[in-house]
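**Student:** A single structure is presented below for examination.
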Amino acid sequence: MRVLKLTAVVVAVGTLAACTTAEKTASGAGVGAAVGALASNSVGGAVAGALIGGFGTYLFETADGRCRYRNSKGVVYTARCHWRR
(Lines give C-alpha, C1' and ligand atoms only; values in the text may rest on other atoms or scores of the structure.)
Protein backbone atom coordinates (compact mmCIF):
# COMPACT_ATOMS: atom_id res chain seq x y z
CA MET A 1 0.00 0.00 0.00
CA ARG A 2 2.87 2.35 0.79
CA VAL A 3 4.32 1.78 -2.70
CA LEU A 4 0.98 2.73 -4.28
CA LYS A 5 0.86 5.96 -2.29
CA LEU A 6 4.42 6.79 -3.32
CA THR A 7 3.54 6.04 -6.94
CA ALA A 8 0.56 8.39 -6.72
CA VAL A 9 2.81 11.17 -5.41
CA VAL A 10 5.38 10.62 -8.16
CA VAL A 11 2.72 10.68 -10.87
CA ALA A 12 1.15 13.81 -9.37
CA VAL A 13 4.51 15.58 -9.42
CA GLY A 14 4.95 14.46 -13.05
CA THR A 15 1.61 16.08 -13.86
CA LEU A 16 2.94 19.41 -12.66
CA ALA A 17 6.00 19.07 -14.90
CA ALA A 18 4.02 18.19 -18.04
CA CYS A 19 3.60 21.04 -20.49
CA THR A 20 1.92 19.75 -23.67
CA THR A 21 -1.71 18.71 -23.86
CA ALA A 22 -0.80 15.09 -24.55
CA GLU A 23 1.61 14.96 -21.61
CA LYS A 24 -0.95 16.47 -19.27
CA THR A 25 -3.64 14.07 -20.47
CA ALA A 26 -1.35 11.09 -19.94
CA SER A 27 -0.37 12.37 -16.50
CA GLY A 28 -4.03 12.91 -15.60
CA ALA A 29 -4.76 9.33 -16.62
CA GLY A 30 -1.86 8.14 -14.47
CA VAL A 31 -3.05 10.06 -11.43
CA GLY A 32 -6.59 8.81 -12.04
CA ALA A 33 -5.37 5.23 -12.23
CA ALA A 34 -3.42 5.56 -9.00
CA VAL A 35 -6.32 7.17 -7.17
CA GLY A 36 -8.78 4.63 -8.57
CA ALA A 37 -6.55 1.75 -7.49
CA LEU A 38 -6.10 3.20 -4.01
CA ALA A 39 -9.78 3.97 -3.58
CA SER A 40 -11.16 0.64 -4.82
CA ASN A 41 -8.19 -1.69 -4.32
CA SER A 42 -8.99 -3.30 -7.68
CA VAL A 43 -7.85 -3.28 -11.29
CA GLY A 44 -11.30 -2.16 -12.41
CA GLY A 45 -11.04 0.89 -10.17
CA ALA A 46 -7.64 1.72 -11.65
CA VAL A 47 -9.01 1.46 -15.20
CA ALA A 48 -12.02 3.62 -14.36
CA GLY A 49 -9.77 6.17 -12.65
CA ALA A 50 -7.46 6.29 -15.67
CA LEU A 51 -10.36 6.89 -18.04
CA ILE A 52 -11.92 9.57 -15.86
CA GLY A 53 -8.59 11.27 -15.10
CA GLY A 54 -7.37 11.26 -18.69
CA PHE A 55 -10.64 12.38 -20.23
CA GLY A 56 -11.21 15.05 -17.59
CA THR A 57 -7.72 16.45 -18.00
CA TYR A 58 -8.08 16.50 -21.78
CA LEU A 59 -11.40 18.35 -21.61
CA PHE A 60 -9.95 20.89 -19.18
CA GLU A 61 -6.86 21.45 -21.32
CA THR A 62 -8.76 21.90 -24.58
CA ALA A 63 -11.77 23.87 -23.28
CA ASP A 64 -10.68 27.01 -25.14
CA GLY A 65 -10.00 25.13 -28.40
CA ARG A 66 -6.24 25.60 -28.11
CA CYS A 67 -3.68 22.90 -27.39
CA ARG A 68 -0.02 22.99 -26.46
CA TYR A 69 2.40 21.14 -28.72
CA ARG A 70 6.14 20.42 -28.67
CA ASN A 71 8.05 20.46 -31.96
CA SER A 72 11.08 18.32 -32.83
CA LYS A 73 13.43 20.94 -31.34
CA GLY A 74 11.65 20.82 -27.98
CA VAL A 75 9.96 24.20 -28.34
CA VAL A 76 6.46 24.31 -26.83
CA TYR A 77 3.85 26.37 -28.67
CA THR A 78 0.10 26.92 -28.51
CA ALA A 79 -2.15 26.50 -31.54
CA ARG A 80 -5.68 25.46 -32.41
CA CYS A 81 -6.27 21.84 -31.47
CA HIS A 82 -5.76 19.59 -34.49
CA TRP A 83 -9.26 18.16 -34.21
CA ARG A 84 -10.90 21.60 -34.44
CA ARG A 85 -9.55 22.62 -37.85
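Here, A, B, ... name the chains of the C-alpha coordinates in the order displayed, residue numbers run from 1 inside each chain, and ligands are numbered from 1 in the same displayed order.
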Give me the residues near Arg66 in chain A as a PyMOL selection string, where near means some atom within 10 Å (using only C-alpha atoms) and where sequence neighbours in that chain fewer than 5 positions away do not count.

**Tutor:** chain A and resi 21+61+78-82+84

**Student:** Do you have the CA of Val76 in chain A-CA of Leu59 in chain A distance handy?

**Tutor:** 19.5 Å

**Student:** What does the distance between CA of Gly44 in chain A and CA of Gly56 in chain A come to in Å, to one decimal place?

**Tutor:** 18.0 Å

**Student:** To one decimal place in Å, what is the distance between CA of Arg70 in chain A and CA of Ala46 in chain A?

**Tutor:** 28.8 Å

**Student:** Name the residues in contact with Val35 in chain A at a cut-off of 10 Å, using only C-alpha atoms, excluding same-chain residues fewer than 2 positions from it; report them as a list in words.

**Tutor:**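 Counting only C-alpha atoms, the residues come to Leu4, Lys5, Thr7, Ala8, Ala29, Gly30, Val31, Gly32, Ala33, Ala37, Leu38, Ala39, Ser40, Asn41, Gly45, Ala46, Ala48, Gly49, Ala50 and Gly53 of chain A.
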
**Student:** Write the residues of the preceding selection, restricted to N, CA and C atoms, as a PDB file, in the first residue's frame.

**Tutor:**
ATOM      1  N   LEU A   4       2.026   2.101  -3.481  1.00  0.00           N
ATOM      2  CA  LEU A   4       0.983   2.730  -4.281  1.00  0.00           C
ATOM      3  C   LEU A   4       0.846   4.213  -3.952  1.00  0.00           C
ATOM      4  N   LYS A   5       0.946   4.555  -2.677  1.00  0.00           N
ATOM      5  CA  LYS A   5       0.863   5.965  -2.290  1.00  0.00           C
ATOM      6  C   LYS A   5       2.053   6.738  -2.840  1.00  0.00           C
ATOM      7  N   THR A   7       3.758   5.952  -5.496  1.00  0.00           N
ATOM      8  CA  THR A   7       3.544   6.040  -6.940  1.00  0.00           C
ATOM      9  C   THR A   7       2.579   7.171  -7.273  1.00  0.00           C
ATOM     10  N   ALA A   8       1.525   7.317  -6.490  1.00  0.00           N
ATOM     11  CA  ALA A   8       0.556   8.394  -6.716  1.00  0.00           C
ATOM     12  C   ALA A   8       1.221   9.756  -6.570  1.00  0.00           C
ATOM     13  N   ALA A  29      -4.341  10.740 -16.605  1.00  0.00           N
ATOM     14  CA  ALA A  29      -4.761   9.335 -16.617  1.00  0.00           C
ATOM     15  C   ALA A  29      -3.968   8.534 -15.586  1.00  0.00           C
ATOM     16  N   GLY A  30      -2.687   8.828 -15.460  1.00  0.00           N
ATOM     17  CA  GLY A  30      -1.860   8.137 -14.466  1.00  0.00           C
ATOM     18  C   GLY A  30      -2.296   8.432 -13.044  1.00  0.00           C
ATOM     19  N   VAL A  31      -2.575   9.689 -12.768  1.00  0.00           N
ATOM     20  CA  VAL A  31      -3.049  10.057 -11.435  1.00  0.00           C
ATOM     21  C   VAL A  31      -4.410   9.412 -11.179  1.00  0.00           C
ATOM     22  N   GLY A  32      -5.282   9.442 -12.187  1.00  0.00           N
ATOM     23  CA  GLY A  32      -6.594   8.813 -12.039  1.00  0.00           C
ATOM     24  C   GLY A  32      -6.484   7.326 -11.761  1.00  0.00           C
ATOM     25  N   ALA A  33      -5.571   6.660 -12.452  1.00  0.00           N
ATOM     26  CA  ALA A  33      -5.373   5.225 -12.231  1.00  0.00           C
ATOM     27  C   ALA A  33      -4.883   4.945 -10.813  1.00  0.00           C
ATOM     28  N   ALA A  37      -7.072   2.980  -8.098  1.00  0.00           N
ATOM     29  CA  ALA A  37      -6.555   1.749  -7.491  1.00  0.00           C
ATOM     30  C   ALA A  37      -6.537   1.853  -5.971  1.00  0.00           C
ATOM     31  N   LEU A  38      -6.136   3.019  -5.462  1.00  0.00           N
ATOM     32  CA  LEU A  38      -6.101   3.198  -4.010  1.00  0.00           C
ATOM     33  C   LEU A  38      -7.502   3.204  -3.417  1.00  0.00           C
ATOM     34  N   ALA A  39      -8.432   3.845  -4.107  1.00  0.00           N
ATOM     35  CA  ALA A  39      -9.785   3.966  -3.577  1.00  0.00           C
ATOM     36  C   ALA A  39     -10.541   2.642  -3.608  1.00  0.00           C
ATOM     37  N   SER A  40     -10.363   1.862  -4.676  1.00  0.00           N
ATOM     38  CA  SER A  40     -11.158   0.639  -4.818  1.00  0.00           C
ATOM     39  C   SER A  40     -10.373  -0.629  -4.533  1.00  0.00           C
ATOM     40  N   ASN A  41      -9.056  -0.529  -4.539  1.00  0.00           N
ATOM     41  CA  ASN A  41      -8.193  -1.691  -4.322  1.00  0.00           C
ATOM     42  C   ASN A  41      -8.464  -2.776  -5.364  1.00  0.00           C
ATOM     43  N   GLY A  45     -11.072  -0.470 -10.695  1.00  0.00           N
ATOM     44  CA  GLY A  45     -11.036   0.891 -10.174  1.00  0.00           C
ATOM     45  C   GLY A  45      -9.906   1.697 -10.784  1.00  0.00           C
ATOM     46  N   ALA A  46      -8.775   1.039 -11.023  1.00  0.00           N
ATOM     47  CA  ALA A  46      -7.636   1.719 -11.653  1.00  0.00           C
ATOM     48  C   ALA A  46      -7.972   2.090 -13.093  1.00  0.00           C
ATOM     49  N   ALA A  48     -11.021   2.553 -14.390  1.00  0.00           N
ATOM     50  CA  ALA A  48     -12.023   3.622 -14.359  1.00  0.00           C
ATOM     51  C   ALA A  48     -11.372   4.951 -14.006  1.00  0.00           C
ATOM     52  N   GLY A  49     -10.467   4.943 -13.039  1.00  0.00           N
ATOM     53  CA  GLY A  49      -9.765   6.166 -12.648  1.00  0.00           C
ATOM     54  C   GLY A  49      -8.921   6.728 -13.777  1.00  0.00           C
ATOM     55  N   ALA A  50      -8.277   5.844 -14.538  1.00  0.00           N
ATOM     56  CA  ALA A  50      -7.458   6.292 -15.669  1.00  0.00           C
ATOM     57  C   ALA A  50      -8.328   6.941 -16.741  1.00  0.00           C
ATOM     58  N   GLY A  53      -9.681  10.300 -15.238  1.00  0.00           N
ATOM     59  CA  GLY A  53      -8.591  11.275 -15.104  1.00  0.00           C
ATOM     60  C   GLY A  53      -8.080  11.772 -16.440  1.00  0.00           C
TER      61      GLY A  53
END
